[in-house]
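Colleague: Would you mind keeping the following structure in view while I ask a few things?
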Protein chains: 2
Amino acid sequence: MAKWEQKRSFWTWGYESDEPTEEQRRGVAKAISARTGVAVEPPPIPKLADIAIRSPRLEVPSNLAGWVSTDSEDRLLHTYGGHFMELLAAMRGQFDNPPDAVAHPRSEDELEATLAWADAAGHKVVPYGGGTSVVWGVRPPDAESVVTIDLDHLGGVVEIDHTSRAARVRAGMLGPDLEDVLRPEGLTLRHFPQSFPWSTVGGWVATRAGGHYATNQTHIDDMVESMRMITPSGWWESRRLPGSGAGPSPDRMVIGSEGTLGIISECWLRLQKRPVYRATAGIVFPSWAAGAEAVRLIVQSKLWPSNLRLLDPAEAKQSAGLDGKQALLIAGFESADIPQGTNIQAAVALAREAGGVIEDDQIRVDDGRGKATGREGAVGAWRDSFIGVNAGLTNGLGLIVDTFETAITWNRFAEFDGHVREKVGSTLERVLGTGWSLSCRFTHVYTDGPAPYYTLMGPGKIGGELEQWQEIKAAATEAVVEAGGTVTHHHAVGRMHRPGYDQQRPDLFAQAFKAAKQSLDPRATLNPGVLFDVD
Amino acid sequence: MAKWEQKRSFWTWGYESDEPTEEQRRGVAKAISARTGVAVEPPPIPKLADIAIRSPRLEVPSNLAGWVSTDSEDRLLHTYGGHFMELLAAMRGQFDNPPDAVAHPRSEDELEATLAWADAAGHKVVPYGGGTSVVWGVRPPDAESVVTIDLDHLGGVVEIDHTSRAARVRAGMLGPDLEDVLRPEGLTLRHFPQSFPWSTVGGWVATRAGGHYATNQTHIDDMVESMRMITPSGWWESRRLPGSGAGPSPDRMVIGSEGTLGIISECWLRLQKRPVYRATAGIVFPSWAAGAEAVRLIVQSKLWPSNLRLLDPAEAKQSAGLDGKQALLIAGFESADIPQGTNIQAAVALAREAGGVIEDDQIRVDDGRGKATGREGAVGAWRDSFIGVNAGLTNGLGLIVDTFETAITWNRFAEFDGHVREKVGSTLERVLGTGWSLSCRFTHVYTDGPAPYYTLMGPGKIGGELEQWQEIKAAATEAVVEAGGTVTHHHAVGRMHRPGYDQQRPDLFAQAFKAAKQSLDPRATLNPGVLFDVD
């Protein structure tokens with residue numbers, strides 16, 4: 001069964017088949033109780049059918065009834081994205097603001113008709129891909145009536161161009177379904193955000209998702225060759241061009257527009273040949289600063305490793321068992337055509353210059369004939385922890401768990417990191433008391449600076465999580481933006497990051513972009529409240 | 001003397017010191033006469049002071065008089081860009097539509113005051129960097145009054161950030177002046193468009209200039225970290241961020257806007273450490289198609305050579321003396337940190353797979369201790385022909401000389417190239433008769449397709465060059481756009497490429513972008529006619 005045909009869980013990431021068992025949840029609850037000294041029990045999971053839901057505030061015209069419905073369960077399943085506060089509310093049966101109808105158009109014609117109806121009738125529209133937004137990008141806005149348009153029936157690869165290494169893909173296609181089609185062709189998009197199993201091509205493009213590559217072409221932006229998008233003013237279609245200098249890029253105006261300009265229906269995406277040659281090393285540094293310096297040297301050498309993830313001492317300890325002072329760098333190279341031994345050796349040499357330690361026999365080079373690499377030792381431990389995300393395990397147990405990610409130039413990084421840790425740490429201390437943690441890793445890096453990704457965790461007050469989280473989140477956003485960073489490197493802005501975003505983007509850009517939006521969407525139908533308020 | 005202090009030539013590219021001598025021009029005229037059988041003489045060059053010019057249609061307020069003037073010579077020098085038809089008109093003393101005043105603001109305050117005055121008074125404004133536009137980007141529009149704002153006094157490096165490898169540069173700085181500042185710091189922008197000696201940072205950003213790197217980061221777009229721009233609605237300033245996913249990129253809306261949204265006053269640019277290690281090879285192929293296939297294999301291998309320029313048989317013959325059937329590929333790698341021998345060997349191996357021929361002892365690897373490479377043999381001959389552009393040599397001798405550049409996906413390249421050669425070739429035949437040539441090289445290449453750069457040349461009719469050129473240019477634009485390419489890969493749109501651009505960009509993008517412009521520039525003061533007509 002293709003991923004998109006499976007039934008989603010409403011209280012954890014993924015499908016019902018991904019839900020943890022009662023037994024697993026009890027195990028985690030026991031571990032938490034042991035650590036905090038406060039007994040917790042996994043709360044019961046309500047049945048969707050038992051959850052009371054507001055009556056739909058609109059009527060679906062009969063000509064759309066084949067794919068638009070006001071079915072309660074469907075509306076419940078489209079009330080929230082994937083943020084942990086949303087999953088918590090869902091688990092508690094709190095569905096105060098569901099969409100009034102959910103559309104599942106099966107063709108561009110149906111998509112167009114749905115948008116035209118909503119726009120004419122004055123319903124607001126939320127475009128919906130995989131529903132994994134952690135920034136309230138798919139939550140219905142406060143409005144008189146809301147239609148969520150789910151692209152789940154608009155998936156599939158339409159065409160593959162082997163010569164140019166590109167494919168025309170419908171926007172609703174999920175990551176694993178796309179890779180299933182590309183694999184037998186010897187191709188891959190190699191875009192693996194943490195949400196990969198449950199997120200879509202259109203969602204990646206709309207939110208400027210960050211992907212597999214830690215350096216060089218880090219965002220989906222670079223993989224987009226052209227696109228088709230429906231707007232209230234009609235279709236927007238760009239040309240397939242490898243490069244262009246003809247005016248500002250039309251695609252770049254859409255990429256990151258988060259459903260405010262239109263609904264992307266398909267894209268031509270640049271692909272990769274599947275890698276055969278790999279080389280990996282896990283390099284230990286005496287300190288976070290030494291590790292950061294190594295990353296700077298390596299990325300500025302333009303070796304362009306596919307992986308260059310640096311774990312701070314807290315994460316290196318937790319994920320790979322290091323001593324709590326050392327940082328761990330996972331460097332990886334890959335290629336379909338060229339052995340990568342020389343590159344990993346060059347990267348390791350630079351890392352050693354910065355104080356990195358690795359035994360020569362720990363540098364793993366796969367010449368394409370042997371077994372897979374990078375799945376053992378410290379590297380393997382880290383991989384497992386990355387792939388093993390399961391929000392459902394801790395949901396409802398009082399834990400406050402969140403992440404925020406940013407980017408900052410190298411010259412300001414140390415001061416920035418200190419400021420963020422001080423401000424967020426003191427807020428965690430005040431709000432949660434003891435037992436909290438705040439850690440960081442670099443997920444992506446650039447010649448001019450890293451993209452630090454912070455994870456915070458701590459025991460909250462059951463029933464008071466929202467207020468506690470709000471205070472912590474506000475401190476994190478403030479700290480990042482006042483110290484010069486971006487409020488998001490790849491999680492997007494949505495409705496959650498507006499306080500930071502409103503400070504960081506040029507005011508005149510906001511003014512110009514809103515004017516552009518208004519010309520396409522004069523009734524402000526599309527995803528109001530995301531990125532900007534539209535009057 | 002810094003480049004910007006030197007006096008420009010009005011009839012050839014560059015400065016008066018770059019003008020060819022009377023003797024050199026006679027020599028070229030003789031060579032042309034011998035080839036065409038029609039005697040030509042280099043025409044006399046008028047003195048600027050003798051050229052009649054329309055009276056200024058505006059008055060400069062006294063508070064701006066320190067940097068805005070209606071001086072005739074200055075207006076003459078700002079009437080044209082660098083297209084060969086413009087240089088020809090200039091040489092003939094035809095200056096029908098000069099700007100009415102030229103401003104040389106010496107500070108952001110003066111820049112702001114100039115724009116505010118022009119905007120309030122209803123004068124149109126043409127932003128002017130180095131004046132090398134070959135697409136009529138700096139020609140005054142048809143308007144009641146026009147002020148050209150030349151950034152030549154707003155140059156200089158304000159700040160260098162060695163740690164992040166970035167510099168804050170004022171927009172009016174010329175290429176050589178920038179490199180003169182960066183060189184002793186061990187840094188370089190490595191952005192070398194053919195116009196490099198005479199073009200500016202602001203001009204590069206406004207027009208999405210294509211630079212030194214043939215693969216990966218080909219355009220100035222990738223080097224822009226942040227910018228400041230003055231608009232009729234005030235200042236636009238983006239944050240220094242190595243990467244971001246917060247909404248559509250503000251910078252990408254400005255990059256390529258060609259002076260229609262505002263005037264860029266400064267940018268933070270990403271820099272390179274000066275390369276030490278180099279490796280170069282000139283590889284000969286039995287055919288154009290075989291060369292193209294090699295380029296495809298190399299770029300898709302993601303070795304990211306800095307140079308990967310393929311000359312078609314005509315160019316390979318002319319520049320490097322090959323047999324007229326063979327194509328020549330010049331592949332080059334460079335790095336400040338890593339020896340490049342392995343990379344060049346890998347690229348050569350891929351080229352050989354596609355039928356390329358090169359002796360092993362012709363692969364030149366510079367380990368950083370020896371002499372410079374890549375300046376001998378076929379490679380050296382090609383370099384000299386690239387750097388040696390001197391439009392003045394042939395100006396006025398009846399030659400029609402032009403170039404056009406584009407990009408197309410690999411799967412369509414052969415058909416595209418055939419179509420362009422057929423359509424443009426038959427037009428050259430019809431318009432010029434015998435003696436014309438049409439050739440192509442790849443200047444930049446992408447995993448999904450090349451950027452072919454066509455050069456056409458032939459003996460025109462003295463006095464009838466404009467009409468002849470117009471017919472040829474129209475055919476070239478039509479051929480490129482109808483076969484699926486972009487009307488420009490890095491020369492920009494300006495006013496010249498509007499017929500093609502208007503077909504290729506999404507109509508809704510034009511609508512949205514015009515709305516954005518109107519919100520910033522409500523009186524349509526900035527560069528009307530470039531990119532779009534504004535009502």
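Within each chain, counting starts at residue 1; across the structure tokens, chains are named A, B, ... in the order shown, with ligands numbered 1 upward in that order.
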Write out as a VMD selection string the set of residues from region 48-289 of chain A that DSSP, computed on the backbone, places in alpha helix (DSSP H).

Modeller: chain A and resid 72 to 77 84 to 91 108 to 121 175 to 182 201 to 207 250 to 254 288 to 289

Colleague: How about saving the chosen residues, C-alpha atoms kept, as a tab-separated table (two decimals), in the first residue's frame?

Modeller:
chain	number	residue	atom	x	y	z
A	72	SER	CA	-16.13	14.93	10.96
A	73	GLU	CA	-13.22	12.53	11.03
A	74	ASP	CA	-11.62	14.13	7.99
A	75	ARG	CA	-12.03	17.58	9.53
A	76	LEU	CA	-10.51	16.39	12.81
A	77	LEU	CA	-7.54	14.94	10.95
A	84	PHE	CA	4.10	18.78	19.78
A	85	MET	CA	1.61	21.24	21.30
A	86	GLU	CA	-0.81	20.34	18.53
A	87	LEU	CA	-0.40	16.62	19.05
A	88	LEU	CA	-0.98	17.16	22.74
A	89	ALA	CA	-4.17	19.10	22.15
A	90	ALA	CA	-5.33	16.42	19.72
A	91	MET	CA	-4.65	13.65	22.20
A	108	GLU	CA	-6.02	19.81	-11.60
A	109	ASP	CA	-9.54	20.55	-12.80
A	110	GLU	CA	-10.97	19.54	-9.44
A	111	LEU	CA	-8.27	21.54	-7.67
A	112	GLU	CA	-9.09	24.60	-9.73
A	113	ALA	CA	-12.82	24.20	-9.18
A	114	THR	CA	-12.34	23.85	-5.43
A	115	LEU	CA	-10.28	27.01	-5.14
A	116	ALA	CA	-12.66	28.92	-7.41
A	117	TRP	CA	-15.64	27.89	-5.28
A	118	ALA	CA	-13.98	28.79	-1.98
A	119	ASP	CA	-12.70	32.08	-3.32
A	120	ALA	CA	-16.08	33.10	-4.72
A	121	ALA	CA	-17.95	31.99	-1.61
A	175	GLY	CA	8.68	11.29	0.09
A	176	PRO	CA	8.72	7.49	0.28
A	177	ASP	CA	6.27	7.13	-2.62
A	178	LEU	CA	8.51	9.35	-4.76
A	179	GLU	CA	11.63	7.40	-3.88
A	180	ASP	CA	9.81	4.13	-4.60
A	181	VAL	CA	9.24	5.30	-8.17
A	182	LEU	CA	12.74	6.69	-8.64
A	201	VAL	CA	6.84	17.60	-2.66
A	202	GLY	CA	4.48	20.57	-2.68
A	203	GLY	CA	4.91	21.09	1.03
A	204	TRP	CA	8.69	21.01	0.70
A	205	VAL	CA	8.62	23.66	-2.01
A	206	ALA	CA	6.04	25.86	-0.30
A	207	THR	CA	8.05	25.87	2.94
A	250	PRO	CA	9.53	33.51	-10.69
A	251	ASP	CA	10.09	30.23	-8.85
A	252	ARG	CA	11.94	31.93	-6.01
A	253	MET	CA	8.92	34.14	-5.39
A	254	VAL	CA	6.79	31.05	-4.85
A	288	TRP	CA	32.14	22.65	20.80
A	289	ALA	CA	34.24	25.61	19.64

Colleague: Compute the chain A side of the contact with chain B at 7 Å, counting only C-alpha atoms, and hand it back as a PyMOL selection string.

Modeller: chain A and resi 163-166+208+236-238+241-248+250+252-257+270+301+336-337+407-411+446-449+485-493+505-506+508-509+511-513+515-517+519-520+531

Colleague: Quick one: everything within 10 Å of region 323-329 of chain A, counting only C-alpha atoms, minus sequence neighbours fewer than 6 positions away in the same chain. Send it as a PyMOL selection string.

Modeller: chain A and resi 281-292+294-295+307-317+351+356-357+378-379+382+441-442

Colleague: Keeping only C-alpha atoms, write the selected residues to a file as an mmCIF file, in the first residue's frame.

Modeller:
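As a result, part-v1.cif now contains:
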data_model
loop_
_atom_site.group_PDB
_atom_site.id
_atom_site.type_symbol
_atom_site.label_atom_id
_atom_site.label_comp_id
_atom_site.auth_asym_id
_atom_site.auth_seq_id
_atom_site.Cartn_x
_atom_site.Cartn_y
_atom_site.Cartn_z
ATOM 1 C CA ALA A 281 34.101 9.670 9.462
ATOM 2 C CA GLY A 282 33.038 10.472 12.991
ATOM 3 C CA ILE A 283 35.551 12.925 14.423
ATOM 4 C CA VAL A 284 35.789 13.837 18.086
ATOM 5 C CA PHE A 285 36.746 17.338 19.258
ATOM 6 C CA PRO A 286 37.772 18.510 22.704
ATOM 7 C CA SER A 287 35.138 21.249 22.635
ATOM 8 C CA TRP A 288 32.141 22.655 20.804
ATOM 9 C CA ALA A 289 34.237 25.612 19.640
ATOM 10 C CA ALA A 290 36.915 23.350 18.178
ATOM 11 C CA GLY A 291 34.285 21.355 16.330
ATOM 12 C CA ALA A 292 32.723 24.509 14.937
ATOM 13 C CA ALA A 294 36.647 22.383 11.926
ATOM 14 C CA VAL A 295 33.285 22.683 10.226
ATOM 15 C CA ASN A 307 26.935 15.335 5.566
ATOM 16 C CA LEU A 308 28.705 17.686 7.948
ATOM 17 C CA ARG A 309 26.701 17.514 11.131
ATOM 18 C CA LEU A 310 28.267 18.673 14.337
ATOM 19 C CA LEU A 311 26.766 17.573 17.653
ATOM 20 C CA ASP A 312 27.465 19.684 20.710
ATOM 21 C CA PRO A 313 28.746 17.926 23.848
ATOM 22 C CA ALA A 314 25.234 17.332 25.202
ATOM 23 C CA GLU A 315 24.011 15.731 21.987
ATOM 24 C CA ALA A 316 27.258 13.847 21.435
ATOM 25 C CA LYS A 317 26.900 12.388 24.894
ATOM 26 C CA ALA A 351 39.410 18.613 11.091
ATOM 27 C CA GLY A 356 39.836 16.756 15.826
ATOM 28 C CA VAL A 357 40.787 13.199 16.720
ATOM 29 C CA ALA A 378 29.118 6.851 16.992
ATOM 30 C CA VAL A 379 27.830 7.593 13.516
ATOM 31 C CA TRP A 382 23.398 9.223 15.810
ATOM 32 C CA ARG A 441 23.791 20.587 16.444
ATOM 33 C CA PHE A 442 24.625 21.955 13.019
#

Colleague: Quick one: residues within 9 Å of region 422-436 of chain B, only C-alpha atoms counted, chain neighbours fewer than 3 positions away excluded, as a ChimeraX atom specification?

Modeller: /B:35-36,400,417-419,456-461,468-469,471-473,475-476,478-479

Colleague: When you draw a straight line from CA of Pro42 (chain B) to CA of Leu393 (chain B), how long is it in Å?

Modeller: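 Rounded to one decimal, the two atoms are 8.9 Å apart.
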
Colleague: What's around Glu16 (chain B) at 7 Å? Count only C-alpha atoms, leave out sequence neighbours fewer than 6 positions away in its own chain, and write the answer as a PDB file with N, CA and C atoms, in the first residue's frame.

Modeller:
ATOM      1  N   LYS B   7      38.546  58.120 -17.263  1.00  0.00           N
ATOM      2  CA  LYS B   7      37.502  58.635 -18.147  1.00  0.00           C
ATOM      3  C   LYS B   7      37.080  57.570 -19.155  1.00  0.00           C
ATOM      4  N   ARG B   8      35.769  57.382 -19.259  1.00  0.00           N
ATOM      5  CA  ARG B   8      35.249  56.356 -20.147  1.00  0.00           C
ATOM      6  C   ARG B   8      35.337  56.763 -21.616  1.00  0.00           C
ATOM      7  N   SER B   9      35.508  55.764 -22.439  1.00  0.00           N
ATOM      8  CA  SER B   9      35.359  55.963 -23.881  1.00  0.00           C
ATOM      9  C   SER B   9      33.876  55.981 -24.223  1.00  0.00           C
TER      10      SER B   9
END
